[in-house]
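*Asks:* See my_file.txt below, with compact mmCIF, C-alpha atoms (C1' of nucleotides).
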# COMPACT_ATOMS: atom_id res chain seq x y z
CA MET A 9 33.18 -6.79 20.45
CA ASN A 10 33.96 -6.20 16.81
CA ARG A 11 32.05 -6.23 13.59
CA ALA A 12 32.11 -4.82 10.10
CA GLU A 13 35.85 -4.69 9.66
CA GLY A 14 35.57 -7.04 6.71
CA PRO A 15 35.24 -6.08 3.06
CA PRO A 16 32.77 -3.30 2.19
CA ARG A 17 29.22 -4.48 1.49
CA SER A 18 29.06 -2.37 -1.67
CA ASP A 19 30.66 0.71 -3.21
CA CYS A 20 27.81 3.01 -2.19
CA PRO A 21 29.00 6.01 -0.16
CA ILE A 22 26.01 5.75 2.17
CA SER A 23 26.83 2.12 2.84
CA PHE A 24 30.45 3.11 3.45
CA ALA A 25 29.34 5.71 5.98
CA LEU A 26 27.04 3.23 7.72
CA GLU A 27 29.86 0.74 8.09
CA ILE A 28 31.63 3.35 10.19
CA PHE A 29 28.79 4.87 12.22
CA GLY A 30 25.73 2.74 11.43
CA ASP A 31 24.86 1.91 15.03
CA ARG A 32 23.20 3.53 17.98
CA TRP A 33 26.35 4.79 19.70
CA THR A 34 29.11 5.91 17.34
CA LEU A 35 27.43 9.19 16.37
CA ILE A 36 26.59 9.90 20.00
CA VAL A 37 30.31 9.71 20.77
CA LEU A 38 31.16 11.90 17.78
CA ARG A 39 28.47 14.38 18.81
CA ASP A 40 30.06 14.69 22.25
CA ILE A 41 33.52 15.09 20.75
CA LEU A 42 32.59 17.49 17.94
CA LEU A 43 29.62 19.44 19.28
CA ARG A 44 30.23 19.34 23.00
CA GLY A 45 34.01 19.50 23.08
CA ARG A 46 34.54 16.41 25.20
CA LYS A 47 37.96 14.83 24.99
CA ARG A 48 38.60 12.45 27.86
CA TYR A 49 37.19 8.98 28.35
CA LYS A 50 35.44 9.94 31.56
CA GLU A 51 33.74 12.93 29.94
CA LEU A 52 32.51 10.71 27.12
CA ALA A 53 31.45 7.99 29.51
CA ASP A 54 28.87 10.13 31.27
CA CYS A 55 26.96 11.13 28.15
CA ASP A 56 23.25 11.87 28.52
CA GLU A 57 22.20 8.58 26.98
CA GLY A 58 24.25 6.43 29.35
CA ILE A 59 26.74 4.56 27.23
CA ALA A 60 28.25 1.35 28.64
CA THR A 61 32.00 1.53 29.20
CA ASN A 62 32.80 -1.48 27.04
CA VAL A 63 30.78 -0.05 24.18
CA LEU A 64 32.53 3.31 24.54
CA ALA A 65 35.95 1.66 24.52
CA ASP A 66 35.03 -0.34 21.45
CA ARG A 67 33.72 2.69 19.54
CA LEU A 68 36.76 4.79 20.36
CA LYS A 69 39.05 2.01 19.12
CA ARG A 70 37.07 1.71 15.95
CA LEU A 71 37.01 5.46 15.35
CA GLU A 72 40.75 5.58 15.88
CA ARG A 73 41.41 2.75 13.44
CA ARG A 74 39.11 4.36 10.89
CA GLY A 75 40.97 7.62 11.24
CA LEU A 76 38.23 9.80 12.74
CA VAL A 77 39.84 10.16 16.13
CA ARG A 78 43.39 10.60 17.36
CA LYS A 79 44.31 9.25 20.79
CA GLU A 80 47.00 10.94 22.86
CA ARG A 81 48.29 10.72 26.37
CA SER A 82 47.42 13.80 28.39
CA ALA A 83 50.39 16.07 29.14
CA GLU A 84 49.34 16.98 32.70
CA ASP A 85 48.02 13.66 33.91
CA ALA A 86 49.53 10.48 32.53
CA ARG A 87 46.49 8.45 33.55
CA GLN A 88 44.38 10.35 31.10
CA PHE A 89 44.02 10.23 27.34
CA THR A 90 42.55 12.78 24.98
CA TYR A 91 40.49 11.81 21.98
CA GLN A 92 40.72 14.51 19.32
CA PRO A 93 38.69 14.65 16.11
CA THR A 94 40.61 14.42 12.84
CA GLU A 95 39.74 16.35 9.69
CA MET A 96 37.69 13.35 8.58
CA ALA A 97 35.55 13.79 11.67
CA VAL A 98 35.30 17.56 11.35
CA SER A 99 34.01 17.11 7.81
CA LEU A 100 31.11 15.14 9.26
CA LEU A 101 29.69 18.30 10.80
CA PRO A 102 27.32 19.19 7.93
CA MET A 103 25.76 15.72 8.10
CA LEU A 104 25.50 15.86 11.88
CA LEU A 105 23.80 19.26 11.65
CA GLU A 106 21.36 18.05 9.01
CA MET A 107 20.53 15.18 11.31
CA THR A 108 20.00 17.65 14.12
CA VAL A 109 17.74 19.77 11.94
CA TRP A 110 15.70 16.75 10.95
CA GLY A 111 15.40 15.70 14.57
CA LEU A 112 14.35 19.19 15.64
CA ARG A 113 11.72 19.42 12.91
CA ASN A 114 10.19 16.14 13.99
CA THR A 115 10.12 16.68 17.75
CA ASP A 116 9.27 19.65 19.89
CA THR A 117 12.53 20.44 21.55
CA PRO A 118 12.94 23.66 23.56
CA GLY A 119 15.19 26.01 21.59
CA GLY A 120 14.53 24.06 18.43
CA PRO A 121 12.79 26.75 16.37
CA ALA A 122 15.45 29.30 17.26
CA PHE A 123 18.25 27.07 16.05
CA LEU A 124 16.33 26.17 12.90
CA GLN A 125 15.83 29.83 12.14
CA ARG A 126 19.53 30.55 12.48
CA PHE A 127 20.49 27.47 10.50
CA GLU A 128 18.17 28.19 7.59
CA THR A 129 19.32 31.75 7.11
CA ASP A 130 23.01 31.28 7.80
CA ARG A 131 23.89 27.69 7.04
CA GLU A 132 27.25 28.15 5.34
CA THR A 133 28.60 30.66 7.84
CA LEU A 134 27.38 28.66 10.80
CA ILE A 135 29.08 25.50 9.57
CA ALA A 136 32.30 27.27 8.63
CA GLU A 137 32.59 28.97 12.02
CA TRP A 138 31.76 25.85 13.91
CA GLN A 139 34.35 23.86 11.99
CA ARG A 140 36.96 26.55 12.56
CA ASP A 141 36.34 26.38 16.31
CA ILE A 142 36.54 22.60 16.38
CA ARG A 143 39.77 22.56 14.36
CA ALA A 144 41.31 25.16 16.65
CA LYS A 145 40.46 23.21 19.80
CA ALA A 146 41.70 19.99 18.22
CA GLY A 147 44.96 21.56 17.08
CA LEU A 148 44.23 20.91 13.41
CA LYS A 149 45.84 22.86 10.55
CA MET B 18 13.21 -8.69 16.58
CA ASN B 19 12.47 -5.37 18.17
CA ARG B 20 14.40 -2.79 20.12
CA ALA B 21 14.33 0.88 21.00
CA GLU B 22 10.60 1.34 21.10
CA GLY B 23 10.85 2.35 24.73
CA PRO B 24 11.20 5.87 26.10
CA PRO B 25 13.73 8.17 24.39
CA ARG B 26 17.25 7.99 25.79
CA SER B 27 17.47 11.77 25.96
CA ASP B 28 15.91 14.84 24.36
CA CYS B 29 18.77 15.34 21.91
CA PRO B 30 17.62 15.49 18.27
CA ILE B 31 20.60 13.41 17.14
CA SER B 32 19.72 10.74 19.66
CA PHE B 33 16.10 10.88 18.47
CA ALA B 34 17.24 10.35 14.90
CA LEU B 35 19.49 7.45 15.89
CA GLU B 36 16.63 5.73 17.67
CA ILE B 37 14.88 5.60 14.32
CA PHE B 38 17.73 4.83 11.94
CA GLY B 39 20.77 4.15 14.13
CA ASP B 40 21.59 0.75 12.71
CA ARG B 41 23.24 -0.73 9.66
CA TRP B 42 20.11 -1.30 7.60
CA THR B 43 17.38 1.30 8.06
CA LEU B 44 19.12 3.98 5.99
CA ILE B 45 19.93 1.45 3.27
CA VAL B 46 16.21 0.77 2.97
CA LEU B 47 15.42 4.50 2.95
CA ARG B 48 18.12 5.08 0.36
CA ASP B 49 16.52 2.52 -1.93
CA ILE B 50 13.06 4.03 -1.40
CA LEU B 51 14.06 7.68 -1.69
CA LEU B 52 17.05 7.71 -4.02
CA ARG B 53 16.40 4.65 -6.14
CA GLY B 54 12.63 4.75 -6.34
CA ARG B 55 12.04 1.23 -5.10
CA LYS B 56 8.62 0.53 -3.71
CA ARG B 57 7.90 -3.18 -3.50
CA TYR B 58 9.24 -5.66 -0.98
CA LYS B 59 10.95 -7.70 -3.66
CA GLU B 60 12.74 -4.66 -5.08
CA LEU B 61 13.95 -3.71 -1.62
CA ALA B 62 14.96 -7.28 -0.83
CA ASP B 63 17.56 -7.46 -3.56
CA CYS B 64 19.52 -4.39 -2.53
CA ASP B 65 23.23 -4.32 -3.31
CA GLU B 66 24.23 -5.03 0.26
CA GLY B 67 22.12 -8.18 0.58
CA ILE B 68 19.62 -7.53 3.35
CA ALA B 69 18.05 -10.54 5.07
CA THR B 70 14.29 -10.80 4.55
CA ASN B 71 13.47 -10.84 8.24
CA VAL B 72 15.55 -7.72 8.81
CA LEU B 73 13.85 -5.99 5.88
CA ALA B 74 10.40 -6.90 7.20
CA ASP B 75 11.34 -5.62 10.64
CA ARG B 76 12.71 -2.31 9.34
CA LEU B 77 9.68 -1.69 7.15
CA LYS B 78 7.38 -2.29 10.10
CA ARG B 79 9.40 0.07 12.25
CA LEU B 80 9.49 2.75 9.55
CA GLU B 81 5.76 2.46 9.12
CA ARG B 82 5.08 2.77 12.86
CA ARG B 83 7.43 5.75 13.06
CA GLY B 84 5.62 7.42 10.20
CA LEU B 85 8.37 7.45 7.57
CA VAL B 86 6.73 4.95 5.28
CA ARG B 87 3.19 4.27 4.18
CA LYS B 88 2.21 0.72 3.23
CA GLU B 89 -0.48 0.13 0.63
CA ARG B 90 -1.83 -2.78 -1.31
CA SER B 91 -0.93 -2.55 -4.97
CA ALA B 92 -3.83 -1.67 -7.23
CA GLU B 93 -2.85 -3.97 -10.11
CA ASP B 94 -1.62 -6.98 -8.18
CA ALA B 95 -3.17 -7.74 -4.81
CA ARG B 96 -0.20 -9.87 -3.81
CA GLN B 97 2.01 -6.85 -3.84
CA PHE B 98 2.43 -3.93 -1.47
CA THR B 99 3.99 -0.56 -2.09
CA TYR B 100 6.05 1.22 0.49
CA GLN B 101 5.88 4.97 -0.12
CA PRO B 102 7.93 7.60 1.67
CA THR B 103 6.03 10.13 3.77
CA GLU B 104 6.95 13.80 4.05
CA MET B 105 8.97 12.90 7.16
CA ALA B 106 11.10 10.61 4.99
CA VAL B 107 11.40 13.09 2.12
CA SER B 108 12.70 15.67 4.58
CA LEU B 109 15.56 13.28 5.34
CA LEU B 110 17.01 13.88 1.89
CA PRO B 111 19.41 16.68 2.88
CA MET B 112 20.93 14.49 5.58
CA LEU B 113 21.17 11.52 3.24
CA LEU B 114 22.91 13.67 0.66
CA GLU B 115 25.36 15.07 3.20
CA MET B 116 26.12 11.50 4.18
CA THR B 117 26.67 10.67 0.52
CA VAL B 118 28.98 13.65 0.12
CA TRP B 119 31.00 12.66 3.16
CA GLY B 120 31.25 9.11 1.89
CA LEU B 121 32.33 10.27 -1.56
CA ARG B 122 34.99 12.56 -0.12
CA ASN B 123 36.47 9.75 1.90
CA THR B 124 36.53 7.03 -0.75
CA ASP B 125 37.40 7.03 -4.39
CA THR B 126 34.15 6.21 -6.06
CA PRO B 127 33.77 6.49 -9.83
CA GLY B 128 31.56 9.47 -10.60
CA GLY B 129 32.20 10.89 -7.15
CA PRO B 130 34.01 14.10 -8.10
CA ALA B 131 31.37 14.92 -10.72
CA PHE B 132 28.56 14.63 -8.21
CA LEU B 133 30.47 16.60 -5.61
CA GLN B 134 31.02 19.38 -8.15
CA ARG B 135 27.33 19.57 -8.95
CA PHE B 136 26.34 19.38 -5.29
CA GLU B 137 28.68 22.11 -4.13
CA THR B 138 27.59 24.61 -6.75
CA ASP B 139 23.89 23.82 -6.80
CA ARG B 140 22.98 22.34 -3.46
CA GLU B 141 19.62 24.04 -2.86
CA THR B 142 18.31 23.51 -6.37
CA LEU B 143 19.47 19.92 -6.48
CA ILE B 144 17.74 19.10 -3.21
CA ALA B 145 14.55 20.96 -4.13
CA GLU B 146 14.26 19.22 -7.49
CA TRP B 147 15.03 15.83 -6.06
CA GLN B 148 12.42 16.27 -3.34
CA ARG B 149 9.85 17.41 -5.87
CA ASP B 150 10.45 14.28 -7.92
CA ILE B 151 10.19 12.01 -4.90
CA ARG B 152 6.98 13.68 -3.71
CA ALA B 153 5.46 13.38 -7.17
CA LYS B 154 6.24 9.67 -7.44
CA ALA B 155 4.96 9.07 -3.90
CA GLY B 156 1.75 10.97 -4.52
CA LEU B 157 2.49 13.55 -1.84
CA LYS B 158 0.92 17.02 -1.77
C1' DC C 15 52.60 3.36 52.01
C1' DT C 16 47.82 3.50 51.35
C1' DT C 17 43.96 5.07 48.89
C1' DA C 18 41.62 7.21 44.97
C1' DT C 19 41.15 8.03 40.11
C1' DC C 20 41.32 6.86 35.31
C1' DG C 21 40.81 4.00 31.50
C1' DC C 22 39.67 0.31 30.32
C1' DT C 23 38.66 -5.36 30.36
C1' DT C 24 36.01 -9.39 31.63
C1' DG C 25 31.90 -12.21 32.51
C1' DC C 26 27.31 -13.05 31.76
C1' DG C 27 22.55 -13.24 30.42
C1' DA C 28 19.60 -11.16 27.01
C1' DT C 29 18.80 -9.26 22.58
C1' DT C 30 19.64 -9.00 17.72
C1' DC C 31 21.88 -10.83 13.68
C1' DG C 32 22.37 -13.39 9.21
C1' DC C 33 21.01 -17.38 6.89
C1' DA C 34 17.94 -20.96 5.29
C1' DA C 35 13.64 -22.92 5.04
C1' DG C 36 8.72 -22.73 5.43
C1' DT C 37 3.85 -20.50 5.28
C1' DG C 38 -0.27 -18.13 3.55
C1' DT C 39 -2.35 -15.46 0.02
C1' DT C 40 -3.01 -14.11 -4.71
C1' DT C 41 -2.23 -14.67 -9.67
C1' DA C 42 -1.00 -17.17 -13.83
C1' DT C 43 -1.28 -21.59 -16.50
C1' DG C 44 -3.04 -26.09 -18.37
C1' DC D 15 -11.24 -26.03 -11.85
C1' DA D 16 -6.71 -27.83 -10.46
C1' DT D 17 -2.00 -26.93 -10.15
C1' DA D 18 1.91 -24.26 -10.04
C1' DA D 19 4.31 -19.95 -9.52
C1' DA D 20 5.10 -15.46 -7.37
C1' DC D 21 5.00 -12.42 -3.55
C1' DA D 22 5.45 -10.98 1.15
C1' DC D 23 6.56 -12.29 4.80
C1' DT D 24 7.48 -15.68 9.31
C1' DT D 25 9.96 -19.08 11.87
C1' DG D 26 13.98 -21.56 13.71
C1' DC D 27 18.55 -21.54 14.94
C1' DG D 28 23.39 -20.76 15.88
C1' DA D 29 26.52 -16.86 16.15
C1' DA D 30 27.56 -12.20 17.16
C1' DT D 31 26.66 -8.09 19.81
C1' DC D 32 24.39 -5.75 23.55
C1' DG D 33 23.83 -3.58 28.28
C1' DC D 34 25.08 -4.08 32.95
C1' DA D 35 28.07 -4.89 36.82
C1' DA D 36 32.33 -5.99 38.64
C1' DG D 37 37.24 -6.21 38.43
C1' DC D 38 42.05 -4.83 37.08
C1' DG D 39 46.44 -2.36 36.16
C1' DA D 40 48.71 1.97 35.97
C1' DT D 41 49.25 6.56 37.71
C1' DA D 42 48.47 10.31 41.10
C1' DA D 43 47.21 12.20 45.60
C1' DG D 44 47.36 12.20 50.66
Do you think you could lay out the structure here as structure tokens?

*Replies:*
Amino acid sequence: MNRAEGPPRSDCPISFALEIFGDRWTLIVLRDILLRGRKRYKELADCDEGIATNVLADRLKRLERRGLVRKERSAEDARQFTYQPTEMAVSLLPMLLEMTVWGLRNTDTPGGPAFLQRFETDRETLIAEWQRDIRAKAGLK
Amino acid sequence: MNRAEGPPRSDCPISFALEIFGDRWTLIVLRDILLRGRKRYKELADCDEGIATNVLADRLKRLERRGLVRKERSAEDARQFTYQPTEMAVSLLPMLLEMTVWGLRNTDTPGGPAFLQRFETDRETLIAEWQRDIRAKAGLK
DNA sequence: CTTATCGCTTGCGATTCGCAAGTGTTTATG
DNA sequence: CATAAACACTTGCGAATCGCAAGCGATAAG
């Protein structure tokens, strides 16, 4: 189950980004890792959208090879692995939040307006704090 | 050639967004419409990445049904159609630009640093002006 | 020593993909 | 007016990818 590991389609940065996460699942996995603090395979496997285990395994491999995720054996339980975001993944947060904002503006999600309010007034701070938290939990810097 | 027109996978705004453009081509088409001012099928068909015509036709249909694109017969030439972005598409610009920024930061693209410089100092203005231009060309507002 | 848990891998049928060729409608040309 | 060209798709087809279910190997718990 592999695609798009060939030469880049063009030198456009959007195209480059899409070659990494231009599918229906990769950003769901990154959302769970970055925004929901999930680290283990099992935690990622029971995401709200119901990802298939083979697809999850494939996406994690791809993200690792692309340098967005770092895989480590768990210290306590040797059966488990942790998937930690790298700086490259943390730097995706602004885009992920803009996507969230767009989604919220075009649906009626409970809690949407409140988040939009906070985001519009405090964007820079919100992003900086969020990134700091993620880096801390991931043991970055 | 149709998928994901069923019920939403969850009520997450990111998941909602991915149901619309979570694939390798939809955002390429939107990039060409929004950022490169392309309107006609032929213009969109010869994008840098080489989209297949059936895929392009499918994505345009989907974007129209989802309300991101408005299809109209050309006034001058009745063989031609124009695909204009709606407000829902114009409001995607911040996300598209964040994606661009992320792509530029993680590749070495000529002209990248210059754009990043401008974006970081002038984000709000840049976006506002860009959106104004797009709306004007699309006959919005 | 047996069973349970975790992180995958495999098999399979269905969907989606890229590519090439063809179709219908409208415009330009002789 | 007849013919050819341009435009916007549509169709066919083989290959890749998908979701789903079941299985497998390694580690941990009882």

*Asks:* I'd like the superposed chain B, fitted onto chain A by least squares over all Cα atoms in order, as a CSV table (one decimal) with C-alpha atoms, in the coordinates of the input.

*Replies:*
chain,number,residue,atom,x,y,z
B,18,MET,CA,33.1,-6.9,20.4
B,19,ASN,CA,33.8,-6.3,16.8
B,20,ARG,CA,31.9,-6.3,13.5
B,21,ALA,CA,32.1,-4.8,10.1
B,22,GLU,CA,35.8,-4.7,9.7
B,23,GLY,CA,35.5,-7.0,6.7
B,24,PRO,CA,35.2,-6.1,3.1
B,25,PRO,CA,32.8,-3.3,2.2
B,26,ARG,CA,29.2,-4.5,1.5
B,27,SER,CA,29.1,-2.4,-1.7
B,28,ASP,CA,30.7,0.7,-3.2
B,29,CYS,CA,27.9,3.0,-2.2
B,30,PRO,CA,29.0,6.0,-0.2
B,31,ILE,CA,26.0,5.8,2.2
B,32,SER,CA,26.8,2.1,2.8
B,33,PHE,CA,30.5,3.1,3.5
B,34,ALA,CA,29.3,5.7,6.0
B,35,LEU,CA,27.0,3.2,7.7
B,36,GLU,CA,29.9,0.7,8.1
B,37,ILE,CA,31.6,3.3,10.2
B,38,PHE,CA,28.8,4.9,12.2
B,39,GLY,CA,25.7,2.7,11.4
B,40,ASP,CA,24.9,1.9,15.0
B,41,ARG,CA,23.2,3.5,18.0
B,42,TRP,CA,26.3,4.8,19.7
B,43,THR,CA,29.1,5.9,17.3
B,44,LEU,CA,27.4,9.2,16.4
B,45,ILE,CA,26.6,9.9,20.0
B,46,VAL,CA,30.3,9.7,20.8
B,47,LEU,CA,31.1,11.9,17.8
B,48,ARG,CA,28.5,14.4,18.8
B,49,ASP,CA,30.0,14.7,22.2
B,50,ILE,CA,33.5,15.1,20.8
B,51,LEU,CA,32.6,17.5,18.0
B,52,LEU,CA,29.6,19.4,19.3
B,53,ARG,CA,30.2,19.3,23.0
B,54,GLY,CA,34.0,19.5,23.1
B,55,ARG,CA,34.5,16.4,25.2
B,56,LYS,CA,37.9,14.8,25.0
B,57,ARG,CA,38.6,12.5,27.9
B,58,TYR,CA,37.2,9.0,28.4
B,59,LYS,CA,35.5,10.0,31.6
B,60,GLU,CA,33.7,12.9,29.9
B,61,LEU,CA,32.5,10.7,27.1
B,62,ALA,CA,31.4,8.0,29.5
B,63,ASP,CA,28.8,10.1,31.3
B,64,CYS,CA,26.9,11.1,28.2
B,65,ASP,CA,23.2,11.9,28.5
B,66,GLU,CA,22.2,8.6,27.0
B,67,GLY,CA,24.2,6.4,29.4
B,68,ILE,CA,26.7,4.5,27.2
B,69,ALA,CA,28.3,1.3,28.6
B,70,THR,CA,32.0,1.6,29.2
B,71,ASN,CA,32.8,-1.5,27.1
B,72,VAL,CA,30.8,-0.1,24.2
B,73,LEU,CA,32.5,3.3,24.5
B,74,ALA,CA,35.9,1.7,24.5
B,75,ASP,CA,35.0,-0.4,21.5
B,76,ARG,CA,33.7,2.7,19.5
B,77,LEU,CA,36.8,4.8,20.4
B,78,LYS,CA,39.0,2.0,19.1
B,79,ARG,CA,37.0,1.7,15.9
B,80,LEU,CA,37.0,5.4,15.4
B,81,GLU,CA,40.7,5.6,15.9
B,82,ARG,CA,41.4,2.7,13.4
B,83,ARG,CA,39.1,4.3,10.9
B,84,GLY,CA,40.9,7.6,11.2
B,85,LEU,CA,38.2,9.8,12.7
B,86,VAL,CA,39.8,10.1,16.1
B,87,ARG,CA,43.4,10.6,17.4
B,88,LYS,CA,44.3,9.2,20.8
B,89,GLU,CA,47.0,10.9,22.8
B,90,ARG,CA,48.3,10.8,26.3
B,91,SER,CA,47.4,13.9,28.3
B,92,ALA,CA,50.4,16.2,29.0
B,93,GLU,CA,49.4,17.2,32.5
B,94,ASP,CA,48.1,13.8,33.8
B,95,ALA,CA,49.6,10.7,32.4
B,96,ARG,CA,46.6,8.6,33.5
B,97,GLN,CA,44.4,10.5,31.1
B,98,PHE,CA,44.0,10.3,27.3
B,99,THR,CA,42.5,12.8,25.0
B,100,TYR,CA,40.5,11.8,22.0
B,101,GLN,CA,40.7,14.5,19.3
B,102,PRO,CA,38.7,14.6,16.1
B,103,THR,CA,40.6,14.4,12.8
B,104,GLU,CA,39.8,16.4,9.7
B,105,MET,CA,37.7,13.3,8.6
B,106,ALA,CA,35.6,13.8,11.7
B,107,VAL,CA,35.3,17.6,11.4
B,108,SER,CA,34.0,17.1,7.8
B,109,LEU,CA,31.1,15.1,9.3
B,110,LEU,CA,29.7,18.3,10.8
B,111,PRO,CA,27.4,19.2,8.0
B,112,MET,CA,25.8,15.7,8.1
B,113,LEU,CA,25.5,15.9,11.9
B,114,LEU,CA,23.8,19.3,11.7
B,115,GLU,CA,21.4,18.1,9.0
B,116,MET,CA,20.6,15.2,11.3
B,117,THR,CA,20.0,17.7,14.1
B,118,VAL,CA,17.8,19.8,11.9
B,119,TRP,CA,15.7,16.8,10.9
B,120,GLY,CA,15.4,15.7,14.5
B,121,LEU,CA,14.4,19.2,15.6
B,122,ARG,CA,11.7,19.4,12.9
B,123,ASN,CA,10.2,16.1,14.0
B,124,THR,CA,10.1,16.7,17.7
B,125,ASP,CA,9.3,19.6,19.9
B,126,THR,CA,12.5,20.4,21.5
B,127,PRO,CA,12.9,23.6,23.5
B,128,GLY,CA,15.2,26.0,21.6
B,129,GLY,CA,14.5,24.1,18.4
B,130,PRO,CA,12.8,26.7,16.4
B,131,ALA,CA,15.5,29.3,17.3
B,132,PHE,CA,18.2,27.1,16.1
B,133,LEU,CA,16.3,26.2,12.9
B,134,GLN,CA,15.9,29.9,12.2
B,135,ARG,CA,19.6,30.6,12.5
B,136,PHE,CA,20.5,27.5,10.5
B,137,GLU,CA,18.2,28.2,7.6
B,138,THR,CA,19.4,31.8,7.1
B,139,ASP,CA,23.1,31.3,7.9
B,140,ARG,CA,23.9,27.7,7.1
B,141,GLU,CA,27.3,28.2,5.4
B,142,THR,CA,28.6,30.7,7.9
B,143,LEU,CA,27.4,28.7,10.9
B,144,ILE,CA,29.1,25.5,9.6
B,145,ALA,CA,32.3,27.3,8.7
B,146,GLU,CA,32.6,29.0,12.1
B,147,TRP,CA,31.8,25.8,14.0
B,148,GLN,CA,34.4,23.9,12.0
B,149,ARG,CA,37.0,26.5,12.6
B,150,ASP,CA,36.3,26.4,16.3
B,151,ILE,CA,36.5,22.6,16.4
B,152,ARG,CA,39.8,22.6,14.4
B,153,ALA,CA,41.3,25.1,16.7
B,154,LYS,CA,40.5,23.2,19.8
B,155,ALA,CA,41.7,20.0,18.2
B,156,GLY,CA,45.0,21.5,17.1
B,157,LEU,CA,44.3,20.9,13.4
B,158,LYS,CA,45.9,22.9,10.6

*Asks:* Any idea which chain B residues end up within 9 Å of chain D if we count only C-alpha atoms (C1' of nucleotides), as an MDAnalysis selection string please?

*Replies:* chainID B and resid 58:59 70:71 74 96:98

*Asks:* If the cut-off is 6 Å, can you tell me the residues of chain B near chain A, counting all atoms listed in the file? I'd like them as a PDB file with C-alpha atoms, in the frame of the given file.

*Replies:*
ATOM      1  CA  ARG B  26      17.250   7.990  25.790  1.00  0.00           C
ATOM      2  CA  SER B  27      17.470  11.770  25.960  1.00  0.00           C
ATOM      3  CA  PRO B  30      17.620  15.490  18.270  1.00  0.00           C
ATOM      4  CA  ILE B  31      20.600  13.410  17.140  1.00  0.00           C
ATOM      5  CA  ALA B  34      17.240  10.350  14.900  1.00  0.00           C
ATOM      6  CA  LEU B  35      19.490   7.450  15.890  1.00  0.00           C
ATOM      7  CA  GLY B  39      20.770   4.150  14.130  1.00  0.00           C
ATOM      8  CA  ASP B  40      21.590   0.750  12.710  1.00  0.00           C
ATOM      9  CA  ARG B  41      23.240  -0.730   9.660  1.00  0.00           C
ATOM     10  CA  GLU B  66      24.230  -5.030   0.260  1.00  0.00           C
ATOM     11  CA  MET B 112      20.930  14.490   5.580  1.00  0.00           C
ATOM     12  CA  GLU B 115      25.360  15.070   3.200  1.00  0.00           C
ATOM     13  CA  MET B 116      26.120  11.500   4.180  1.00  0.00           C
ATOM     14  CA  THR B 117      26.670  10.670   0.520  1.00  0.00           C
ATOM     15  CA  GLY B 120      31.250   9.110   1.890  1.00  0.00           C
ATOM     16  CA  LEU B 121      32.330  10.270  -1.560  1.00  0.00           C
TER      17      LEU B 121
END

*Asks:* Just give me the gap between CA of Glu89 (chain B) and CA of Leu52 (chain B) in Å, one decimal is fine.

*Replies:*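 One can read the CA of Glu89 (chain B) to CA of Leu52 (chain B) distance as 19.7 Å.
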
*Asks:* Would you kindly report the residues of chain C within 12 Å of chain B, using only C-alpha atoms (C1' of nucleotides), as number ranges by chain?

*Replies:* C: 29-34, 38-42

*Asks:* What does the structure give for the distance between CA of Lys149 (chain A) and CA of Arg74 (chain A), in Å to one decimal?

*Replies:*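 Those two atoms sit 19.7 Å apart.
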